[in-house]
Every structure is written in C-alpha cells, then in structure tokens.
file start.cif (mmCIF, C-alpha atoms and all ligand atoms)
data_start
loop_
_atom_site.label_atom_id
_atom_site.label_comp_id
_atom_site.auth_asym_id
_atom_site.auth_seq_id
_atom_site.Cartn_x
_atom_site.Cartn_y
_atom_site.Cartn_z
CA MET A 1 -11.69 17.83 14.70
CA VAL A 2 -8.87 16.16 12.86
CA PHE A 3 -5.46 17.76 12.53
CA ARG A 4 -2.88 16.33 10.21
CA PHE A 5 0.78 17.20 10.52
CA ASP A 6 3.31 16.15 7.93
CA PHE A 7 6.88 15.96 9.21
CA GLY A 8 8.23 14.29 6.10
CA MET A 9 8.83 10.71 7.14
CA VAL A 10 6.35 10.87 10.02
CA LYS A 11 2.76 11.84 9.48
CA VAL A 12 0.66 12.44 12.58
CA THR A 13 -3.11 12.45 12.70
CA LEU A 14 -4.60 14.04 15.82
CA THR A 15 -8.29 13.59 16.46
CA VAL A 16 -9.61 16.08 18.99
CA THR A 17 -13.11 16.31 20.36
CA ALA A 18 -14.08 19.70 21.79
CA ALA A 19 -14.78 19.79 25.53
CA LEU A 20 -18.40 20.68 24.89
CA SER A 21 -19.18 17.11 23.92
CA PRO A 22 -21.86 15.82 26.28
CA ASP A 23 -19.71 12.96 27.53
CA LEU A 24 -16.85 15.25 28.51
CA SER A 25 -16.14 17.24 31.61
CA PRO A 26 -15.91 21.00 31.47
CA ALA A 27 -12.65 22.54 30.41
CA GLY A 28 -9.91 22.29 32.96
CA GLU A 29 -11.40 19.38 34.90
CA SER A 30 -9.95 15.97 34.94
CA HIS A 31 -12.44 13.49 33.62
CA GLY A 32 -10.38 10.38 33.68
CA ASP A 33 -11.31 9.35 30.17
CA SER A 34 -7.90 9.55 28.61
CA GLY A 35 -7.41 9.30 24.92
CA THR A 36 -5.11 6.74 23.43
CA ARG A 37 -2.15 7.20 21.19
CA LYS A 38 0.09 4.93 19.27
CA SER A 39 3.71 5.02 20.29
CA HIS A 40 6.49 4.98 17.74
CA ALA A 41 6.56 1.22 18.25
CA GLY A 42 2.90 1.12 17.30
CA ARG A 43 1.76 0.22 20.85
CA GLU A 44 -1.33 1.77 22.35
CA GLU A 45 -0.43 4.17 25.15
CA GLN A 46 -2.65 6.16 27.48
CA SER A 47 -2.46 9.92 27.04
CA GLU A 48 -3.11 12.52 29.73
CA PRO A 49 -6.43 14.30 29.38
CA LEU A 50 -5.94 17.81 28.03
CA PRO A 51 -7.79 20.69 29.69
CA GLY A 52 -10.60 21.78 27.42
CA PHE A 53 -10.03 19.08 24.85
CA HIS A 54 -10.50 15.38 24.81
CA VAL A 55 -7.84 13.67 22.79
CA LYS A 56 -9.55 10.69 21.23
CA ALA A 57 -6.62 9.36 19.28
CA ILE A 58 -3.16 10.31 18.22
CA ASN A 59 -2.19 8.07 15.40
CA HIS A 60 1.43 8.09 14.35
CA THR A 61 0.64 6.77 10.90
CA LYS A 62 3.26 4.08 10.75
CA ASP A 63 1.88 2.83 7.50
CA VAL A 64 4.34 5.48 6.33
CA ALA A 65 7.26 3.27 7.32
CA MET A 66 10.55 4.68 6.09
CA LYS A 67 11.18 3.76 2.48
CA ILE A 68 14.80 3.28 1.53
CA LEU A 69 16.03 3.32 -2.05
CA GLN A 70 19.53 1.87 -2.54
CA ILE A 71 21.30 2.76 -5.77
CA ASN A 72 24.39 0.72 -6.65
CA SER A 73 26.48 2.06 -9.51
CA SER A 74 29.63 -0.06 -9.56
CA ALA A 75 30.15 -2.06 -12.74
CA ARG A 76 31.23 -4.91 -10.46
CA ALA A 77 28.48 -7.33 -9.50
CA GLU A 78 30.73 -8.90 -6.84
CA ASN A 79 33.30 -7.48 -4.45
CA SER A 80 32.31 -3.89 -4.99
CA HIS A 81 33.42 -1.72 -2.08
CA SER A 82 30.87 0.99 -2.85
CA THR A 83 28.01 -1.52 -2.95
CA ARG A 84 29.20 -3.08 0.31
CA LEU A 85 29.34 0.29 2.03
CA ALA A 86 25.91 1.27 0.71
CA THR A 87 24.57 -2.07 1.93
CA THR A 88 26.12 -1.49 5.36
CA LEU A 89 24.45 1.91 5.53
CA VAL A 90 21.11 0.33 4.64
CA GLU A 91 21.58 -2.42 7.24
CA ARG A 92 22.32 0.17 9.91
CA LEU A 93 19.25 2.20 8.94
CA ARG A 94 17.07 -0.92 9.02
CA ALA A 95 18.48 -1.99 12.37
CA ALA A 96 17.26 1.33 13.76
CA GLN A 97 13.92 1.11 11.93
CA PRO A 98 13.06 -2.54 11.28
CA GLN A 99 9.78 -1.62 9.61
CA ALA A 100 11.63 0.28 6.88
CA THR A 101 11.16 -1.01 3.35
CA LEU A 102 13.97 -1.36 0.83
CA THR A 103 14.15 -1.08 -2.93
CA VAL A 104 17.50 -1.84 -4.55
CA ARG A 105 18.31 -0.47 -7.98
CA ASP A 106 21.54 -2.00 -9.20
CA LEU A 107 22.65 0.03 -12.20
CA GLY A 108 25.60 -2.29 -12.87
CA ARG A 109 23.48 -5.42 -13.16
CA THR A 110 20.60 -3.63 -14.86
CA PRO A 111 22.08 -0.69 -16.75
CA HIS A 112 19.70 2.08 -17.65
CA PRO A 113 19.84 3.19 -21.29
CA MET A 114 21.70 6.38 -22.03
CA LEU A 115 20.08 9.63 -23.03
CA ASP A 116 20.55 9.46 -26.80
CA GLU A 117 18.69 11.23 -29.59
CA ALA A 118 15.92 8.63 -29.75
CA ALA A 119 15.33 9.02 -26.02
CA LEU A 120 15.23 12.80 -26.29
CA GLN A 121 12.71 12.60 -29.14
CA ALA A 122 10.56 10.25 -27.08
CA LEU A 123 10.71 12.49 -24.01
CA PHE A 124 9.89 15.66 -25.93
CA SER A 125 7.00 14.16 -27.90
CA PRO A 126 3.51 14.67 -26.44
CA ALA A 127 2.45 11.43 -24.74
CA GLU A 128 -0.45 10.83 -27.12
CA GLN A 129 1.82 11.12 -30.15
CA ARG A 130 4.52 8.70 -28.98
CA THR A 131 5.14 5.48 -30.87
CA PRO A 132 4.97 2.29 -28.77
CA GLU A 133 8.79 2.25 -28.72
CA GLN A 134 8.92 5.86 -27.55
CA ALA A 135 6.30 5.22 -24.89
CA ALA A 136 8.30 2.24 -23.66
CA ARG A 137 11.48 4.32 -23.48
CA VAL A 138 9.76 7.07 -21.47
CA ALA A 139 8.23 4.42 -19.19
CA GLN A 140 11.75 3.24 -18.30
CA ASP A 141 12.59 6.72 -17.00
CA ASP A 142 9.17 7.02 -15.35
CA ALA A 143 9.90 3.88 -13.32
CA LEU A 144 13.10 5.40 -11.90
CA ILE A 145 11.31 8.65 -11.12
CA ALA A 146 8.53 6.77 -9.31
CA GLU A 147 11.14 4.95 -7.20
CA ILE A 148 12.78 8.13 -6.06
CA GLN A 149 9.49 9.94 -5.50
CA ALA A 150 8.40 7.12 -3.20
CA ALA A 151 11.66 7.03 -1.23
CA ASP A 152 12.28 8.80 2.07
CA VAL A 153 15.96 7.90 2.19
CA LEU A 154 18.40 7.32 -0.67
CA VAL A 155 21.61 5.36 -0.18
CA LEU A 156 24.06 5.41 -3.07
CA GLY A 157 27.24 3.46 -3.68
CA VAL A 158 29.43 5.43 -6.09
CA PRO A 159 32.92 4.48 -7.26
CA MET A 160 35.19 7.02 -8.91
CA TYR A 161 35.73 6.13 -12.55
CA ASN A 162 38.22 8.32 -14.40
CA PHE A 163 37.66 11.30 -12.13
CA GLY A 164 33.90 11.20 -12.44
CA VAL A 165 30.84 9.14 -11.57
CA PRO A 166 30.20 5.85 -13.42
CA ALA A 167 28.32 6.21 -16.70
CA GLN A 168 25.65 3.93 -15.20
CA LEU A 169 24.96 6.52 -12.52
CA LYS A 170 25.02 9.37 -15.04
CA ASN A 171 22.31 7.57 -17.03
CA TRP A 172 20.21 7.34 -13.85
CA ILE A 173 20.81 11.04 -13.18
CA ASP A 174 19.69 11.89 -16.72
CA ALA A 175 16.60 9.70 -16.30
CA ILE A 176 15.33 11.22 -13.06
CA SER A 177 15.92 14.85 -14.09
CA ARG A 178 12.52 15.68 -15.58
CA ALA A 179 11.27 19.26 -15.93
CA GLN A 180 7.93 19.88 -14.16
CA VAL A 181 8.22 16.53 -12.40
CA THR A 182 11.43 16.49 -10.37
CA PHE A 183 12.36 20.16 -10.86
CA ARG A 184 10.89 23.27 -12.38
CA TYR A 185 11.98 26.77 -13.22
CA THR A 186 10.14 29.69 -11.67
CA ALA A 187 10.65 33.45 -11.89
CA ASN A 188 13.03 33.00 -8.94
CA GLY A 189 15.09 30.31 -10.64
CA PRO A 190 15.08 26.52 -10.39
CA GLU A 191 13.06 24.70 -7.75
CA GLY A 192 13.64 21.08 -6.80
CA LEU A 193 10.47 19.03 -6.43
CA LEU A 194 11.95 16.02 -4.59
CA THR A 195 12.03 17.52 -1.12
CA GLY A 196 12.02 16.00 2.36
CA LYS A 197 14.46 13.20 1.52
CA LYS A 198 17.71 12.23 3.15
CA VAL A 199 20.61 11.11 0.97
CA TYR A 200 23.67 9.06 1.96
CA ILE A 201 26.44 8.54 -0.59
CA ALA A 202 29.33 6.10 -0.15
CA LEU A 203 32.20 7.16 -2.42
CA THR A 204 35.06 4.77 -3.19
CA ARG A 205 38.33 5.73 -4.85
CA GLY A 206 41.65 4.13 -5.66
CA GLY A 207 43.46 7.38 -4.83
CA LEU A 208 43.01 10.33 -2.49
CA TYR A 209 40.79 13.23 -3.53
CA ARG A 210 38.66 14.23 -0.56
CA ASN A 211 38.76 18.00 0.05
CA THR A 212 40.98 18.59 -2.98
CA PRO A 213 40.14 20.35 -6.26
CA ASN A 214 40.37 16.96 -8.01
CA ASP A 215 37.31 15.66 -6.17
CA SER A 216 34.82 16.30 -8.94
CA GLN A 217 32.25 13.88 -7.51
CA THR A 218 31.33 15.53 -4.21
CA PRO A 219 30.44 19.01 -5.58
CA TYR A 220 28.75 17.49 -8.61
CA LEU A 221 26.52 15.17 -6.60
CA LYS A 222 25.78 17.86 -4.03
CA THR A 223 24.74 20.26 -6.78
CA PHE A 224 22.71 17.65 -8.60
CA PHE A 225 20.74 16.41 -5.59
CA GLY A 226 20.27 19.99 -4.34
CA PHE A 227 18.89 20.97 -7.75
CA LEU A 228 16.19 18.32 -7.38
CA GLY A 229 15.39 19.50 -3.84
CA MET A 230 17.52 17.04 -1.85
CA THR A 231 19.78 19.23 0.23
CA ASP A 232 20.36 16.85 3.14
CA VAL A 233 23.26 14.84 1.69
CA GLN A 234 25.85 12.96 3.76
CA PHE A 235 29.03 11.64 2.15
CA VAL A 236 31.12 8.70 3.31
CA TYR A 237 34.56 8.16 1.75
CA ALA A 238 36.72 5.09 1.25
CA GLU A 239 39.86 6.42 -0.38
CA GLY A 240 43.27 5.02 -1.21
CA LEU A 241 41.81 1.61 -2.02
CA ALA A 242 44.50 1.04 -4.67
CA MET A 243 47.36 2.12 -2.41
CA GLY A 244 48.18 -1.26 -0.90
CA PRO A 245 46.41 -3.72 1.42
CA GLU A 246 47.08 -1.72 4.57
CA ALA A 247 45.77 1.51 3.06
CA GLU A 248 42.74 -0.41 1.79
CA GLN A 249 41.96 -1.81 5.25
CA ASP A 250 42.41 1.63 6.83
CA ALA A 251 40.15 3.20 4.20
CA LEU A 252 37.37 0.68 4.79
CA ALA A 253 37.65 0.98 8.58
CA SER A 254 37.50 4.75 8.26
CA ALA A 255 34.44 4.49 5.99
CA LEU A 256 32.65 2.32 8.57
CA SER A 257 33.30 4.88 11.27
CA GLN A 258 32.12 7.66 8.93
CA ILE A 259 28.90 5.69 8.45
CA GLU A 260 28.30 5.72 12.20
CA GLN A 261 28.92 9.47 12.27
CA ALA A 262 26.66 10.06 9.27
CA LEU A 263 23.82 8.16 10.92
CA LEU A 264 24.10 10.35 14.00
CA ALA A 265 24.05 13.60 12.01
C1 LIG B 1 37.37 1.96 -14.94
C2 LIG B 1 37.92 2.45 -13.63
C3 LIG B 1 38.31 3.76 -13.50
C4 LIG B 1 38.81 4.19 -12.28
N1 LIG B 1 39.18 5.51 -12.15
C5 LIG B 1 39.64 5.95 -10.96
C6 LIG B 1 39.98 7.32 -10.78
O1 LIG B 1 39.88 8.15 -11.67
N2 LIG B 1 40.45 7.70 -9.57
C7 LIG B 1 40.57 6.82 -8.53
O2 LIG B 1 40.98 7.22 -7.46
N3 LIG B 1 40.22 5.52 -8.67
C8 LIG B 1 39.77 5.08 -9.85
N4 LIG B 1 39.39 3.76 -9.99
C9 LIG B 1 39.44 2.89 -8.81
C10 LIG B 1 38.07 2.74 -8.20
O3 LIG B 1 37.52 3.98 -7.86
C11 LIG B 1 38.09 1.86 -6.98
O4 LIG B 1 38.66 0.62 -7.32
C12 LIG B 1 36.72 1.65 -6.40
O5 LIG B 1 36.81 0.85 -5.28
C13 LIG B 1 35.81 0.96 -7.38
O6 LIG B 1 34.55 0.84 -6.81
P1 LIG B 1 33.89 -0.56 -6.48
O7 LIG B 1 34.81 -1.26 -5.51
O8 LIG B 1 32.58 -0.23 -5.87
O9 LIG B 1 33.75 -1.32 -7.76
C14 LIG B 1 38.92 3.30 -11.18
C15 LIG B 1 38.51 1.98 -11.35
C16 LIG B 1 38.02 1.55 -12.55
C17 LIG B 1 37.57 0.12 -12.69
#
call {"tool": "encode", "arguments": {"input": "start.cif", "output": "structure tokens", "more": "lines below"}}
Ligand SMILES: Cc1cc2nc3c(=O)[nH]c(=O)nc-3n(C[C@H](O)[C@H](O)[C@H](O)COP(=O)(O)O)c2cc1C
result
Amino acid sequence: MVFRFDFGMVKVTLTVTAALSPDLSPAGESHGDSGTRKSHAGREEQSEPLPGFHVKAINHTKDVAMKILQINSSARAENSHSTRLATTLVERLRAAQPQATLTVRDLGRTPHPMLDEAALQALFSPAEQRTPEQAARVAQDDALIAEIQAADVLVLGVPMYNFGVPAQLKNWIDAISRAQVTFRYTANGPEGLLTGKKVYIALTRGGLYRNTPNDSQTPYLKTFFGFLGMTDVQFVYAEGLAMGPEAEQDALASALSQIEQALLA
C-alpha cells in the first residue's frame, strides 16, 4: 500500500506492507525486520517495526528540494538596497536548506513589457487565432507564470518609488495575474490558485512610512499576493535611507535583524 502526503514543500511517500505478508510476523510481534526511511538529510535510517504493519520505506521525496524565486525590482543594477536585502534573505534560506534551487528574475535588468492594448488583444485572443507576434507576447507572460508556479518560496526586493511600487514590478504583477490560471472567480468570490507558497518582501524607502496611512505598498502587496492565494507574506523594512548616513546604517541593521525574525516566523 502506498500513501502519499503532500505538505506543500515536503512530499512524503509511505510504502506499507500489510502484516499478513508471508514474510512478516503476526500483528503486534516484533519481527526485527525494520523498514528504512530517508532522513531529511537524505540518509537511510532504520525505522522501528510497527505493530501490524511492516514499513518498507518512508521516502521523504527530496527531489522536491525547495525552489526559491527571487524577484528584484530596483531600477539600479548596482548598489540597490532592496536587491541586497532580498539576496541576504535568499542566502539565509539557502544556508538552512543547501539543496534549495534559485531562480533570479531581475526586472530592472530585464524589464517586462507593460500591459498595453496590443498585449491585451494578444491575451484575449484564442490561442489558435493569435498572430506570431501575439503568441510571442503571451509567451513572455507565460514564462513568468511558470516561474512562480514552480516556486515554493518567493523573495522580493521592492523599493518605494513615488509612494508606490516600481513600474517594473507592476508589469510583473500584471503579467502573472491570469484568470483561470493564477486566480479564478467562483460563486463565492475570487479564489487564488497559487497556494502553498511563502513570500518574503524586502521594502526599501528613503523616508518613513511603516504603519502609517502613507504606506501604500504593504497593503497593496498583501492584497495582491493574497488574491493569488499567497497569504503567508513576511515584510522586512529598511526605512529612512535618505535621512543621513547614520539613519541609513540603522535602517540596514534593523532590516537584517528583521530578516532573522522573519525566517523564524
Ligand atoms: C525614482 C525614485 C522615487 C522615489 N520615491 C520615493 C518615495 O516616494 N518615498 C520614499 O520614501 N523614497 C523614495 N525613493 C527612495 C528609494 O525608495 C530608496 O532610495 C530605495 O533605497 C531605493 O531602492 P534601491 O536601493 O533598491 O534602489 C525614491 C527613489 C527613486 C529613485
């Protein structure tokens, strides 16, 4: 008998042979023929025989190593605080899980096209009727959707630009919001289809906005990711970066300590 349990990032396959197998002792008796299981580190470990069942194998399917998707959205290719903080988050995650894989999508270096009329026409045309140009435009969005579908953990670096998120990030948000693919509407309202993912967002600002009505980013991003089914969102803030060197250093030190807290949560 094979049981499969899906705990999101960890999938467990449990192979159980009923005690009536000729090579097994009757239920409740120790028969010394322990099953084996793979530990989280992938090592083979002996398991205790279970009364009535013989556990042949417990396979923590570590071919499902954590997949991290890092999204950078600063227009700055170098010296971006938000990218640095996102990278630090990723490094800390990978230190804890060295087998984790990483995909980096840098929206500053490789900007995604905006959602203009041509893009809308391409998206709302049936696939078989799209021109080659329209198919290519839809494929660009498809690639971003595939990245996020594959990811277990998202790590975003997000500067504040003029009280909002960078246009580069907004283009990514528009690209991955696809009805019937990443969300759908039911009789009960909207349902996000990107569930079981953890999201970390490093926010950087020149001024101070956290927990004030002028922080448009936090509620917006929380609402957006929740809409797509990602409700486990942790924010890290580096604020006051334009308020002098001392304030900048304090802000970055605070952000690093928030990262440690976020990883524990
Ligand atoms: C075009 C632009 C607009 C900005 N608008 C704001 C703003 O509205 N509020 C704010 O606190 N900081 C603002 N800043 C400061 C940035 O949020 C801050 O420098 C941040 O560190 C930039 O992120 P980065 O270091 O990842 O590039 C702005 C910076 C730029 C370049």
call {"tool": "closest_atom_pairs", "arguments": {"input": "start.cif", "of": "chain A", "to": "ligand LIG 1 (chain B)", "cutoff": "9 Å", "atoms": "all atoms listed in the file", "output": "Markdown table"}}
result
| residue | atom | partner | partner_atom | distance |
| --- | --- | --- | --- | --- |
| A:Asn72 | CA | B:LIG1 | O8 | 8.3 |
| A:Ser73 | CA | B:LIG1 | O8 | 7.5 |
| A:Ser74 | CA | B:LIG1 | O9 | 4.7 |
| A:Ala75 | CA | B:LIG1 | O9 | 6.2 |
| A:Arg76 | CA | B:LIG1 | O9 | 5.2 |
| A:Ala77 | CA | B:LIG1 | O9 | 8.2 |
| A:Glu78 | CA | B:LIG1 | O9 | 8.2 |
| A:Asn79 | CA | B:LIG1 | O7 | 6.5 |
| A:Ser80 | CA | B:LIG1 | O7 | 3.7 |
| A:His81 | CA | B:LIG1 | O7 | 3.7 |
| A:Ser82 | CA | B:LIG1 | O8 | 3.7 |
| A:Thr83 | CA | B:LIG1 | O8 | 5.6 |
| A:Arg84 | CA | B:LIG1 | O8 | 7.6 |
| A:Leu85 | CA | B:LIG1 | O8 | 8.6 |
| A:Gly157 | CA | B:LIG1 | O8 | 6.9 |
| A:Val158 | CA | B:LIG1 | O8 | 6.5 |
| A:Pro159 | CA | B:LIG1 | O6 | 4.0 |
| A:Met160 | CA | B:LIG1 | O3 | 4.0 |
| A:Tyr161 | CA | B:LIG1 | N1 | 3.5 |
| A:Asn162 | CA | B:LIG1 | O1 | 3.2 |
| A:Phe163 | CA | B:LIG1 | O1 | 3.9 |
| A:Gly164 | CA | B:LIG1 | O1 | 6.8 |
| A:Pro166 | CA | B:LIG1 | C1 | 8.3 |
| A:Leu203 | CA | B:LIG1 | O6 | 8.0 |
| A:Thr204 | CA | B:LIG1 | C12 | 4.8 |
| A:Arg205 | CA | B:LIG1 | O3 | 3.6 |
| A:Gly206 | CA | B:LIG1 | N3 | 3.6 |
| A:Gly207 | CA | B:LIG1 | O2 | 3.6 |
| A:Leu208 | CA | B:LIG1 | O2 | 6.2 |
| A:Tyr209 | CA | B:LIG1 | O2 | 7.2 |
| A:Ala238 | CA | B:LIG1 | O5 | 7.8 |
| A:Glu239 | CA | B:LIG1 | O2 | 7.2 |
| A:Gly240 | CA | B:LIG1 | O2 | 7.0 |
| A:Leu241 | CA | B:LIG1 | O5 | 6.0 |
| A:Ala242 | CA | B:LIG1 | O4 | 6.4 |
call {"tool": "closest_residue", "arguments": {"input": "start.cif", "among": "A:Asn188, A:Asn171, A:Thr110, A:Gln140", "to": "Ala122 in chain A", "atoms": "all atoms listed in the file"}}
result
A:Gln140
call {"tool": "closest_residue", "arguments": {"input": "start.cif", "among": "A:Ala247, A:Val64, A:Val236, A:Ile201", "to": "Leu154 in chain A", "atoms": "all atoms listed in the file"}}
result
A:Ile201
call {"tool": "atom_distance", "arguments": {"input": "start.cif", "atom1": "CA of Phe227 in chain A", "atom2": "CA of Ile173 in chain A"}}
result
11.5 Å
call {"tool": "residues_near_point", "arguments": {"input": "start.cif", "point": "(14.4, 4.7, -9.2)", "cutoff": "10 Å", "atoms": "all atoms listed in the file", "output": "PyMOL selection string"}}
result
chain A and resi 69-71+103-107+140-151+154+172-173+175-176
call {"tool": "atom_distance", "arguments": {"input": "start.cif", "atom1": "CA of Glu191 in chain A", "atom2": "CA of Leu120 in chain A"}}
result
22.1 Å
call {"tool": "residues_around", "arguments": {"input": "start.cif", "residues": "Leu263 in chain A", "least_positions_apart": "4", "cutoff": "10 Å", "atoms": "only C-alpha atoms", "output": "NGL selection string"}}
result
:A and (89 or 92-93 or 96 or 200 or 234 or 258-259)
call {"tool": "write_last_selection", "arguments": {"input": "start.cif", "atoms": "C-alpha atoms", "output": "CSV table (one decimal), keeping the file's coordinate frame"}}
result
chain,number,residue,atom,x,y,z
A,89,LEU,CA,24.4,1.9,5.5
A,92,ARG,CA,22.3,0.2,9.9
A,93,LEU,CA,19.2,2.2,8.9
A,96,ALA,CA,17.3,1.3,13.8
A,200,TYR,CA,23.7,9.1,2.0
A,234,GLN,CA,25.8,13.0,3.8
A,258,GLN,CA,32.1,7.7,8.9
A,259,ILE,CA,28.9,5.7,8.4
call {"tool": "atom_distance", "arguments": {"input": "start.cif", "atom1": "CA of Leu102 in chain A", "atom2": "CA of Ala255 in chain A"}}
result
21.9 Å
call {"tool": "residues_around", "arguments": {"input": "start.cif", "residues": "Met230 in chain A", "least_positions_apart": "3", "cutoff": "10 Å", "atoms": "only C-alpha atoms", "output": "PyMOL selection string"}}
result
chain A and resi 154+192-199+222-227+233
call {"tool": "closest_residue", "arguments": {"input": "start.cif", "among": "A:Asp116, A:Glu91, A:Val153, A:Val138", "to": "Met66 in chain A", "atoms": "all atoms listed in the file"}}
result
A:Val153
